[in-house]
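K.L.:
File run.cif follows (mmCIF, C-alpha atoms):
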data_my_file
loop_
_atom_site.label_atom_id
_atom_site.label_comp_id
_atom_site.auth_asym_id
_atom_site.auth_seq_id
_atom_site.Cartn_x
_atom_site.Cartn_y
_atom_site.Cartn_z
CA MET A 24 56.53 42.41 -42.09
CA ARG A 25 58.66 45.47 -42.92
CA VAL A 26 61.79 45.50 -40.77
CA THR A 27 64.64 48.01 -40.75
CA ILE A 28 68.00 47.47 -39.02
CA VAL A 29 70.22 50.48 -38.30
CA ASN A 30 73.94 50.07 -37.60
CA LEU A 31 77.01 52.00 -38.69
CA PHE A 32 78.89 48.86 -39.76
CA TYR A 33 77.83 46.10 -42.16
CA PRO A 34 79.65 43.37 -44.12
CA PRO A 35 82.13 43.15 -45.69
CA ASP A 36 83.31 45.10 -42.63
CA LEU A 37 84.80 42.93 -39.88
CA ALA A 38 83.06 44.58 -36.90
CA PRO A 39 81.19 41.95 -34.85
CA SER A 40 78.03 44.08 -34.84
CA ALA A 41 78.15 44.18 -38.65
CA HIS A 42 77.95 40.40 -38.94
CA LEU A 43 75.27 40.06 -36.29
CA ALA A 44 73.14 42.67 -38.05
CA ALA A 45 73.64 40.87 -41.37
CA SER A 46 72.80 37.50 -39.85
CA LEU A 47 69.49 38.81 -38.54
CA ALA A 48 68.74 40.73 -41.74
CA ASP A 49 69.41 37.74 -44.00
CA HIS A 50 67.41 35.45 -41.75
CA ARG A 51 64.32 37.65 -41.69
CA ALA A 52 64.53 38.21 -45.44
CA VAL A 53 64.54 34.45 -46.01
CA LEU A 54 61.42 34.21 -43.83
CA GLY A 55 59.70 36.64 -46.19
CA ASP A 56 60.09 39.99 -44.46
CA GLU A 57 60.81 43.13 -46.42
CA VAL A 58 64.13 43.98 -44.77
CA THR A 59 66.01 47.26 -45.07
CA VAL A 60 69.45 47.86 -43.60
CA VAL A 61 70.69 51.42 -43.03
CA CYS A 62 74.47 51.42 -42.55
CA GLY A 63 77.54 53.51 -43.31
CA THR A 64 80.20 53.47 -46.00
CA GLY A 65 83.02 53.62 -43.46
CA SER A 66 85.00 50.72 -42.08
CA TYR A 67 85.58 49.76 -38.44
CA LEU A 68 89.31 50.25 -39.02
CA GLY A 69 88.98 53.35 -41.19
CA GLY A 70 88.59 53.76 -44.94
CA SER A 71 85.55 53.06 -47.07
CA GLN A 72 83.82 49.82 -47.93
CA ARG A 73 83.54 48.52 -51.46
CA GLY A 74 79.98 49.85 -51.54
CA ALA A 75 77.06 48.62 -53.59
CA GLY A 76 79.01 45.90 -55.36
CA ALA A 77 79.72 44.24 -52.02
CA ASP A 78 76.05 44.46 -51.16
CA ARG A 79 75.00 42.78 -54.39
CA ASP A 80 77.45 40.01 -53.63
CA ARG A 81 75.44 39.07 -50.55
CA GLY A 82 73.34 36.90 -52.71
CA ALA A 83 69.72 35.92 -52.77
CA ALA A 84 67.16 37.82 -54.81
CA ARG A 85 65.11 38.00 -51.64
CA GLY A 86 67.94 39.48 -49.61
CA PRO A 87 67.74 42.69 -47.61
CA ARG A 88 67.90 46.11 -49.25
CA ILE A 89 71.11 47.85 -48.16
CA ILE A 90 71.18 51.64 -47.87
CA ARG A 91 74.71 52.91 -47.30
CA LEU A 92 75.04 56.44 -45.98
CA TRP A 93 78.25 58.35 -46.58
CA THR A 94 80.55 58.81 -43.61
CA PRO A 95 84.07 60.31 -43.64
CA ALA A 96 85.55 56.89 -42.74
CA LEU A 97 87.98 58.33 -40.22
CA GLY A 98 88.30 55.13 -38.18
CA LYS A 99 88.94 54.59 -34.47
CA ALA A 100 92.44 56.03 -34.06
CA ASN A 101 91.22 58.65 -31.58
CA THR A 102 88.05 60.08 -30.06
CA ALA A 103 87.79 62.94 -32.55
CA ARG A 104 87.89 60.55 -35.51
CA ARG A 105 85.28 58.26 -33.97
CA LEU A 106 83.00 61.21 -33.25
CA GLY A 107 83.32 62.42 -36.83
CA ASP A 108 82.06 59.10 -38.17
CA TYR A 109 79.46 58.72 -35.43
CA LEU A 110 77.86 62.13 -35.80
CA THR A 111 77.82 62.02 -39.59
CA PHE A 112 76.09 58.66 -39.58
CA LEU A 113 73.68 59.65 -36.80
CA VAL A 114 72.48 62.73 -38.69
CA GLY A 115 72.20 60.78 -41.94
CA ALA A 116 70.34 57.90 -40.32
CA VAL A 117 67.78 60.20 -38.71
CA ALA A 118 67.17 61.93 -42.04
CA ARG A 119 66.90 58.61 -43.92
CA LEU A 120 64.49 57.07 -41.44
CA LEU A 121 62.27 60.15 -41.59
CA PHE A 122 61.78 59.58 -45.32
CA LEU A 123 61.51 55.79 -45.19
CA ARG A 124 58.00 54.46 -45.71
CA LYS A 125 56.29 53.11 -42.62
CA GLN A 126 58.06 50.15 -41.03
CA ASP A 127 56.54 47.57 -38.72
CA VAL A 128 59.69 47.25 -36.61
CA VAL A 129 62.92 49.28 -36.53
CA ILE A 130 65.89 47.68 -34.78
CA ALA A 131 68.68 50.07 -33.79
CA LEU A 132 72.03 48.79 -32.58
CA THR A 133 74.44 50.90 -30.52
CA SER A 134 77.02 51.73 -33.22
CA PRO A 135 77.10 54.65 -32.95
CA PRO A 136 75.70 55.46 -29.50
CA PHE A 137 72.27 57.09 -29.61
CA VAL A 138 71.52 55.98 -33.18
CA VAL A 139 68.24 54.70 -31.74
CA ALA A 140 67.22 58.35 -32.26
CA ALA A 141 66.74 57.48 -35.94
CA ALA A 142 64.26 54.75 -35.01
CA VAL A 143 62.43 57.07 -32.63
CA ALA A 144 62.26 59.74 -35.34
CA HIS A 145 60.58 57.24 -37.65
CA ARG A 146 58.14 56.31 -34.91
CA ILE A 147 57.17 59.93 -34.33
CA LEU A 148 55.90 60.01 -37.92
CA HIS A 149 54.50 56.45 -37.76
CA PRO A 150 53.22 55.81 -34.22
CA ARG A 151 52.35 52.16 -34.92
CA THR A 152 55.99 51.32 -35.68
CA ARG A 153 57.69 49.29 -32.96
CA VAL A 154 61.22 50.20 -31.90
CA VAL A 155 63.83 47.74 -30.58
CA LEU A 156 67.13 48.86 -29.07
CA TRP A 157 69.65 46.06 -29.60
CA SER A 158 72.21 47.03 -26.97
CA HIS A 159 75.79 45.84 -27.50
CA ASP A 160 77.26 48.48 -25.20
CA VAL A 161 75.96 51.26 -22.98
CA TYR A 162 76.59 54.98 -23.33
CA PRO A 163 77.21 57.38 -21.68
CA ASP A 164 78.05 54.79 -19.00
CA ALA A 165 81.14 53.60 -20.89
CA ALA A 166 82.44 57.14 -21.36
CA GLU A 167 81.96 57.82 -17.65
CA ALA A 168 83.54 54.56 -16.51
CA PHE A 169 86.72 55.09 -18.52
CA GLY A 170 87.20 58.79 -17.93
CA THR A 171 86.10 60.27 -21.25
CA ILE A 172 83.47 62.41 -19.52
CA ARG A 173 82.98 63.28 -15.86
CA PRO A 174 80.19 61.37 -14.09
CA GLY A 175 77.57 63.84 -12.91
CA GLY A 176 78.98 66.63 -15.07
CA LEU A 177 76.96 68.78 -17.42
CA LEU A 178 77.63 66.61 -20.48
CA SER A 179 76.92 63.44 -18.54
CA ARG A 180 73.59 64.76 -17.29
CA ALA A 181 72.61 65.94 -20.76
CA LEU A 182 73.42 62.59 -22.34
CA ARG A 183 71.61 60.66 -19.63
CA THR A 184 68.53 62.85 -19.98
CA THR A 185 68.58 62.35 -23.74
CA LYS A 186 68.95 58.60 -23.41
CA GLY A 187 66.12 58.43 -20.89
CA TRP A 188 63.86 60.37 -23.28
CA LEU A 189 64.75 58.03 -26.14
CA LEU A 190 64.37 54.87 -24.09
CA HIS A 191 60.87 55.89 -23.01
CA ARG A 192 59.95 55.75 -26.72
CA VAL A 193 61.48 52.31 -27.27
CA ASP A 194 59.24 49.25 -27.05
CA HIS A 195 61.86 46.66 -26.16
CA VAL A 196 65.54 46.44 -25.23
CA VAL A 197 67.52 43.39 -26.29
CA ALA A 198 70.73 43.13 -24.30
CA VAL A 199 73.49 40.60 -24.82
CA ASP A 200 73.80 39.58 -21.17
CA PRO A 201 71.83 40.03 -17.93
CA ALA A 202 74.28 42.58 -16.48
CA MET A 203 73.80 44.86 -19.47
CA LEU A 204 70.02 44.54 -19.42
CA SER A 205 70.01 45.40 -15.73
CA ARG A 206 72.19 48.46 -16.29
CA VAL A 207 70.04 49.79 -19.12
CA LEU A 208 66.69 49.24 -17.42
CA SER A 209 67.75 50.35 -13.95
CA GLY A 210 69.47 53.43 -15.31
CA TYR A 211 67.02 54.59 -17.95
CA ALA A 212 63.67 52.79 -17.80
CA ASP A 213 60.71 54.78 -16.52
CA ASP A 214 57.53 53.24 -15.08
CA GLY A 215 58.43 49.85 -16.49
CA LYS A 216 59.08 51.14 -20.02
CA PRO A 217 60.68 49.75 -22.05
CA GLU A 218 60.58 46.04 -21.41
CA GLY A 219 63.69 43.99 -22.05
CA SER A 220 65.13 40.56 -22.67
CA VAL A 221 68.52 38.89 -23.06
CA ILE A 222 69.55 37.33 -26.37
CA PRO A 223 73.24 36.36 -26.44
CA THR A 224 75.38 37.19 -29.43
CA TRP A 225 76.16 34.29 -31.73
CA GLU A 226 78.24 32.82 -34.52
CA PRO A 227 76.76 31.16 -37.63
CA TYR A 228 76.53 27.41 -37.27
CA ALA A 229 77.43 27.11 -40.95
CA LEU A 230 80.81 28.72 -40.27
CA PHE A 231 81.55 26.14 -37.57
CA PRO A 232 79.83 22.89 -38.62
CA ASP A 233 80.02 20.02 -36.17
CA GLY A 234 82.88 17.62 -36.78
CA ASN A 235 84.45 19.74 -39.51
CA ARG A 236 87.64 21.31 -38.18
CA PRO A 237 89.27 23.55 -40.81
CA ASP A 238 92.93 23.56 -41.70
CA ARG A 239 94.71 25.77 -39.23
CA TRP A 240 95.94 29.24 -40.09
CA ALA A 241 99.25 29.25 -41.99
CA ALA A 242 100.84 31.62 -39.44
CA TYR A 243 101.03 28.76 -36.95
CA ASP A 244 103.86 27.28 -39.01
CA GLU A 245 106.00 30.39 -38.59
CA PRO A 246 109.08 29.93 -36.36
CA ASP A 247 107.80 31.97 -33.40
CA LEU A 248 104.57 29.91 -33.18
CA ALA A 249 105.43 26.44 -34.46
CA GLY A 250 105.29 23.73 -31.80
CA ARG A 251 104.08 26.09 -29.07
CA PHE A 252 101.07 25.83 -26.76
CA ILE A 253 98.94 28.72 -28.07
CA VAL A 254 96.84 30.89 -25.78
CA LEU A 255 94.81 32.89 -28.31
CA HIS A 256 93.20 36.30 -27.93
CA LEU A 257 91.23 36.93 -31.13
CA GLY A 258 89.67 40.29 -31.92
CA ASN A 259 89.61 43.69 -30.31
CA LEU A 260 91.73 44.47 -27.24
CA GLY A 261 90.16 47.82 -26.46
CA PHE A 262 89.73 50.29 -23.65
CA GLY A 263 87.30 47.98 -21.84
CA HIS A 264 89.93 45.25 -21.42
CA ARG A 265 93.01 44.89 -19.24
CA THR A 266 96.50 43.69 -20.04
CA ASP A 267 98.40 43.67 -16.73
CA THR A 268 97.31 40.21 -15.60
CA ILE A 269 98.11 38.84 -19.06
CA ALA A 270 101.59 40.36 -19.07
CA GLU A 271 102.39 38.94 -15.63
CA ALA A 272 101.16 35.48 -16.60
CA ALA A 273 103.19 35.55 -19.81
CA ALA A 274 106.29 36.52 -17.85
CA ALA A 275 105.71 33.66 -15.40
CA LEU A 276 105.51 31.21 -18.30
CA ALA A 277 108.42 32.65 -20.26
CA ASP A 278 110.58 29.54 -19.81
CA GLU A 279 107.83 27.14 -20.93
CA ASP A 280 106.59 26.36 -24.44
CA VAL A 281 103.61 28.70 -24.12
CA THR A 282 102.88 31.64 -26.43
CA PHE A 283 100.21 34.28 -25.92
CA LEU A 284 99.02 35.15 -29.43
CA PHE A 285 96.98 38.31 -30.06
CA VAL A 286 95.26 38.49 -33.43
CA GLY A 287 93.38 41.73 -34.02
CA GLY A 288 93.95 45.23 -32.72
CA GLY A 289 92.55 47.89 -30.42
CA GLU A 290 93.63 50.60 -28.01
CA ARG A 291 95.36 48.13 -25.65
CA PHE A 292 97.45 46.43 -28.36
CA PRO A 293 100.26 49.04 -28.25
CA GLU A 294 100.10 49.10 -24.46
CA LEU A 295 100.68 45.36 -24.19
CA ALA A 296 103.32 45.37 -26.91
CA GLU A 297 105.25 48.14 -25.15
CA GLU A 298 105.02 46.34 -21.81
CA ALA A 299 106.25 43.07 -23.34
CA ALA A 300 109.14 44.86 -25.04
CA ARG A 301 110.08 46.80 -21.89
CA ARG A 302 110.20 43.63 -19.79
CA HIS A 303 111.67 41.45 -22.55
CA ILE A 304 108.66 39.10 -22.43
CA GLU A 305 109.28 37.14 -25.61
CA ASN A 306 106.34 34.74 -25.53
CA VAL A 307 103.76 37.38 -26.50
CA ARG A 308 103.12 37.68 -30.24
CA PHE A 309 100.90 39.96 -32.31
CA ARG A 310 99.19 39.66 -35.69
CA GLY A 311 96.71 42.04 -37.32
CA TYR A 312 92.99 41.61 -37.90
CA VAL A 313 91.90 38.80 -40.21
CA PRO A 314 88.75 38.62 -42.36
CA LYS A 315 85.72 37.01 -40.77
CA GLU A 316 85.90 33.94 -42.98
CA LYS A 317 89.43 33.19 -41.76
CA THR A 318 88.60 33.17 -38.05
CA PRO A 319 87.80 29.42 -37.93
CA ALA A 320 91.31 28.68 -39.25
CA VAL A 321 92.85 31.00 -36.65
CA LEU A 322 90.86 29.34 -33.87
CA ALA A 323 91.66 25.86 -35.18
CA GLY A 324 95.35 26.25 -34.39
CA ALA A 325 94.94 27.42 -30.79
CA ASP A 326 94.93 25.34 -27.61
CA CYS A 327 92.71 27.66 -25.57
CA ALA A 328 91.05 31.06 -25.83
CA LEU A 329 91.86 34.07 -23.67
CA ILE A 330 89.37 36.82 -22.77
CA SER A 331 90.19 39.75 -20.49
CA LEU A 332 87.71 42.34 -19.26
CA ASP A 333 88.12 45.35 -17.01
CA ASP A 334 85.94 45.26 -13.89
CA ARG A 335 84.48 48.61 -14.93
CA SER A 336 83.11 47.02 -18.10
CA ILE A 337 80.45 44.89 -16.43
CA GLY A 338 77.07 45.70 -17.91
CA ILE A 339 78.71 48.12 -20.36
CA MET A 340 80.20 45.75 -22.91
CA SER A 341 80.09 42.03 -23.57
CA PRO A 342 82.89 40.19 -25.43
CA SER A 343 81.51 38.55 -28.55
CA LYS A 344 84.88 36.89 -29.19
CA MET A 345 83.81 34.09 -26.86
CA ASN A 346 81.32 32.65 -29.35
CA GLY A 347 83.80 31.55 -31.99
CA SER A 348 85.99 29.99 -29.32
CA LEU A 349 83.05 27.95 -28.03
CA ALA A 350 82.15 26.96 -31.60
CA MET A 351 85.66 25.64 -32.18
CA GLY A 352 85.59 23.83 -28.84
CA LEU A 353 88.37 25.83 -27.23
CA PRO A 354 88.59 25.93 -23.43
CA VAL A 355 88.06 29.54 -22.34
CA LEU A 356 90.40 31.36 -19.95
CA TYR A 357 88.59 34.43 -18.64
CA ALA A 358 89.98 37.18 -16.41
CA GLY A 359 87.30 39.67 -15.47
CA PRO A 360 84.29 40.39 -13.27
CA THR A 361 81.60 37.87 -12.45
CA GLY A 362 78.14 38.27 -13.94
CA THR A 363 79.27 38.77 -17.55
CA ASN A 364 78.30 36.63 -20.53
CA VAL A 365 81.68 34.87 -20.41
CA ASP A 366 81.48 34.13 -16.69
CA GLN A 367 77.92 32.93 -17.19
CA ALA A 368 78.88 30.53 -20.00
CA ILE A 369 81.82 29.09 -18.06
CA THR A 370 79.72 28.65 -14.93
CA GLU A 371 76.76 27.09 -16.73
CA TYR A 372 78.65 24.82 -19.13
CA ALA A 373 81.96 24.14 -17.33
CA CYS A 374 83.88 25.08 -20.47
CA GLY A 375 86.87 26.88 -18.98
CA PHE A 376 88.24 28.90 -16.07
CA SER A 377 86.62 32.07 -14.74
CA LEU A 378 89.21 34.14 -12.90
CA ARG A 379 89.42 37.65 -11.54
CA GLN A 380 91.75 40.38 -12.70
CA GLY A 381 95.01 40.22 -10.76
CA ASP A 382 94.85 36.46 -10.28
CA VAL A 383 98.09 35.78 -12.11
CA ALA A 384 98.70 32.54 -10.24
CA GLY A 385 95.25 31.27 -11.21
CA LEU A 386 95.77 32.06 -14.89
CA VAL A 387 99.20 30.44 -14.93
CA ASP A 388 97.86 27.36 -13.13
CA ALA A 389 94.95 27.03 -15.58
CA ILE A 390 97.32 27.06 -18.56
CA ARG A 391 99.62 24.53 -16.97
CA ARG A 392 96.69 22.25 -16.14
CA LEU A 393 95.45 22.35 -19.74
CA ARG A 394 98.93 21.44 -20.98
CA ALA A 395 99.50 18.68 -18.45
CA HIS A 396 96.05 17.07 -18.52
CA PRO A 397 94.75 16.31 -22.03
CA ASP A 398 91.64 14.66 -20.58
CA LEU A 399 90.70 17.91 -18.85
CA ALA A 400 91.24 19.88 -22.05
CA THR A 401 89.09 17.40 -23.98
CA ALA A 402 86.25 17.60 -21.45
CA LEU A 403 86.27 21.39 -21.47
CA SER A 404 86.38 21.35 -25.27
CA LYS A 405 83.27 19.18 -25.50
CA ASN A 406 81.46 21.43 -23.04
CA ALA A 407 82.45 24.51 -25.04
CA ARG A 408 81.00 23.06 -28.22
CA ARG A 409 77.80 22.14 -26.36
CA ALA A 410 77.52 25.71 -25.10
CA PHE A 411 77.80 26.99 -28.67
CA GLU A 412 75.16 24.65 -30.01
CA GLU A 413 72.69 25.24 -27.19
CA SER A 414 73.07 28.98 -26.55
CA TYR A 415 75.60 30.85 -28.73
CA SER A 416 74.86 29.90 -32.34
CA ASP A 417 72.41 31.43 -34.79
CA ARG A 418 70.33 28.28 -34.52
CA SER A 419 69.55 29.09 -30.89
CA ALA A 420 69.52 32.90 -30.97
CA LEU A 421 67.58 33.75 -34.14
CA PRO A 422 64.37 31.93 -33.10
CA ARG A 423 64.34 34.11 -29.97
CA PHE A 424 64.49 37.20 -32.16
CA ASP A 425 61.70 35.75 -34.30
CA SER A 426 59.43 35.36 -31.31
CA LEU A 427 60.13 38.91 -30.16
CA LEU A 428 59.57 40.51 -33.57
CA ASP A 429 56.39 38.56 -34.22
CA GLU A 430 55.07 39.58 -30.81
CA LEU A 431 55.89 43.25 -31.39
CA ALA A 432 54.46 43.31 -34.90
CA GLY A 433 51.21 41.83 -33.62
CA ALA A 434 50.88 44.26 -30.70
CA GLY A 435 48.26 46.98 -30.74
CA PRO A 436 48.98 50.68 -31.15
#
Please express the file's structure as structure tokens.
P.N.:
Amino acid sequence: MRVTIVNLFYPPDLAPSAHLAASLADHRAVLGDEVTVVCGTGSYLGGSQRGAGADRDRGAARGPRIIRLWTPALGKANTARRLGDYLTFLVGAVARLLFLRKQDVVIALTSPPFVVAAAVAHRILHPRTRVVLWSHDVYPDAAEAFGTIRPGGLLSRALRTTKGWLLHRVDHVVAVDPAMLSRVLSGYADDGKPEGSVIPTWEPYALFPDGNRPDRWAAYDEPDLAGRFIVLHLGNLGFGHRTDTIAEAAAALADEDVTFLFVGGGERFPELAEEAARRHIENVRFRGYVPKEKTPAVLAGADCALISLDDRSIGIMSPSKMNGSLAMGLPVLYAGPTGTNVDQAITEYACGFSLRQGDVAGLVDAIRRLRAHPDLATALSKNARRAFEESYSDRSALPRFDSLLDELAGAGP
């Protein structure tokens, strides 16, 4: 089978979508598929990747072929910079897919939004090609929800019409949680097309082998973290998250040996840092992004994982940071709407606390209970690891992709 995966980011970049795309690409290549990856030269944080040398380092002779398209590598500092990278890659991807020999399946992610147009362009030339939209977020819904564009305005209507036209030429939508699948299909499907399914995001089992806890990150021995109960937020703290409930909970626990540690970055990082400084909340600490291979060590030194999501984000984005926390067996503290992948995991596996935004007392109580009751923490930890093994590892997710791709490749014209 000839399979192409299209996504702006790819390893060694640290974007979660990059590693998921690589996991699927490597897996299908090992199974014998002829896999091509079309990605960009730019990094999630700005700047260029190491290029072809990094791609050769990925290993096996039977690995995927990586085609890196030039982008200006402007990063995510503001909307104009993001659009510069997005539009450059979108135009390049469409052109590259038009000249790519016929593929059996083209899988387009949602970085950048509307890059599925490249897959549809390939299908116009090769009608037997099957197109999969692997939805990790939903646009223009996200831009409308967070005030970038006006709902119902001219731009909104144009983007929605364009997405509807593209989606009608997609064979299958893979969403990362039921709320996202519902939003995509109810908003853009027409006469039952396309069909859709939910495949959760995952972490590689090999990165988190059972019973093998790595040495914890060296930063935990620094004076502001040593000996503290660590509530860890790992990864992006972006526009789709909220910080007010976190700040209030940190303030309420200021006199206890609890530290809220944020490792990563995002639009809300400065907002939270400024709020903590303004209110003299000294138990909130920040560190920058770490390479993917170091995330197990960062997780290994934490006592629980923190995930915050804005109510407006339901069905629009789905935090992939949960998966590593489950893999490490960390109890999950979630503040956000019901119906998300995190709420679903906590409800199904009893691996943490699912709270709503504004429930400061509930978040504080959950942290105190974890500190005071080791047996509770141990039980939640075991359940978290079980959730990872059963639903949120590559061992559980990739076979579901295999079934879908084999079904699509065997379908008639």
K.L.:
Once you count all atoms listed in the file, which residues end up no further than 12 Å from (70.9, 48.1, -36.1) in the file's frame, shown as a ChimeraX atom specification?
P.N.:
/A:26-33,40-48,58-63,113,116,128-142,154-159,197
K.L.:
In Å, rounded to a single decimal, give me how far CA of Gly261 in chain A is from CA of Asp333 in chain A.
P.N.:
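Computed distance, CA of Asp333 in chain A to CA of Gly261 in chain A, equals 10.0 Å.
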K.L.:
Fewer than 5 positions away in the same chain doesn't count, so skip those; otherwise give me all residues within 8 Å of Asp326 in chain A, counting only C-alpha atoms, as an MDAnalysis selection string.
P.N.:
chainID A and resid 252:255 353:354
K.L.:
Just the selected residues (C-alpha atoms), exported as a short mmCIF file (atom, residue, chain, number, x, y, z; two decimals), in the frame of the given file, please.
P.N.:
data_model
loop_
_atom_site.label_atom_id
_atom_site.label_comp_id
_atom_site.auth_asym_id
_atom_site.auth_seq_id
_atom_site.Cartn_x
_atom_site.Cartn_y
_atom_site.Cartn_z
CA PHE A 252 101.07 25.83 -26.76
CA ILE A 253 98.94 28.72 -28.07
CA VAL A 254 96.84 30.89 -25.78
CA LEU A 255 94.81 32.89 -28.31
CA LEU A 353 88.37 25.83 -27.23
CA PRO A 354 88.59 25.93 -23.43
#
K.L.:
May I ask which of the residues A:Arg151, A:His256, A:Arg335, A:Lys405 is the closest one to Ala166 in chain A, counting only C-alpha atoms?
P.N.:
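So, comparing all the options, the nearest one is A:Arg335.
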K.L.:
So which residues get picked by the PyMOL selection byres ((chain A and resi 242) around 12) here, written as number ranges by chain?
P.N.:
A: 238-241, 243-250, 253, 284, 286, 308-311, 313, 317, 320-325
K.L.:
Give as an NGL selection string the residues that the PyMOL selection byres ((chain A and resi 184) around 12) matches when applied to the coordinates above.
P.N.:
:A and (137 or 162-163 or 175 or 177-183 or 185-191 or 210-213)
K.L.:
From the options A:Thr152, A:Thr370, A:Thr64, A:Asn259, which residue's atoms come nearest to Leu123 in chain A, counting only C-alpha atoms?
P.N.:
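Smallest distance to Leu123 in chain A is found for A:Thr152.
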K.L.:
How many Å lie between CA of Tyr67 in chain A and CA of Trp93 in chain A, rounded to one decimal?
P.N.:
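Between these atoms lies a distance of 13.9 Å.
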K.L.:
Which one is closest to Thr224 in chain A: A:Pro174, A:Gly347, A:Pro35, A:Gly362? Count all atoms listed in the file.
P.N.:
A:Gly347
K.L.:
Please indicate the distance in Å from CA of Glu218 in chain A to CA of Gln126 in chain A, rounded to one decimal place.
P.N.:
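So the answer is 20.2 Å.
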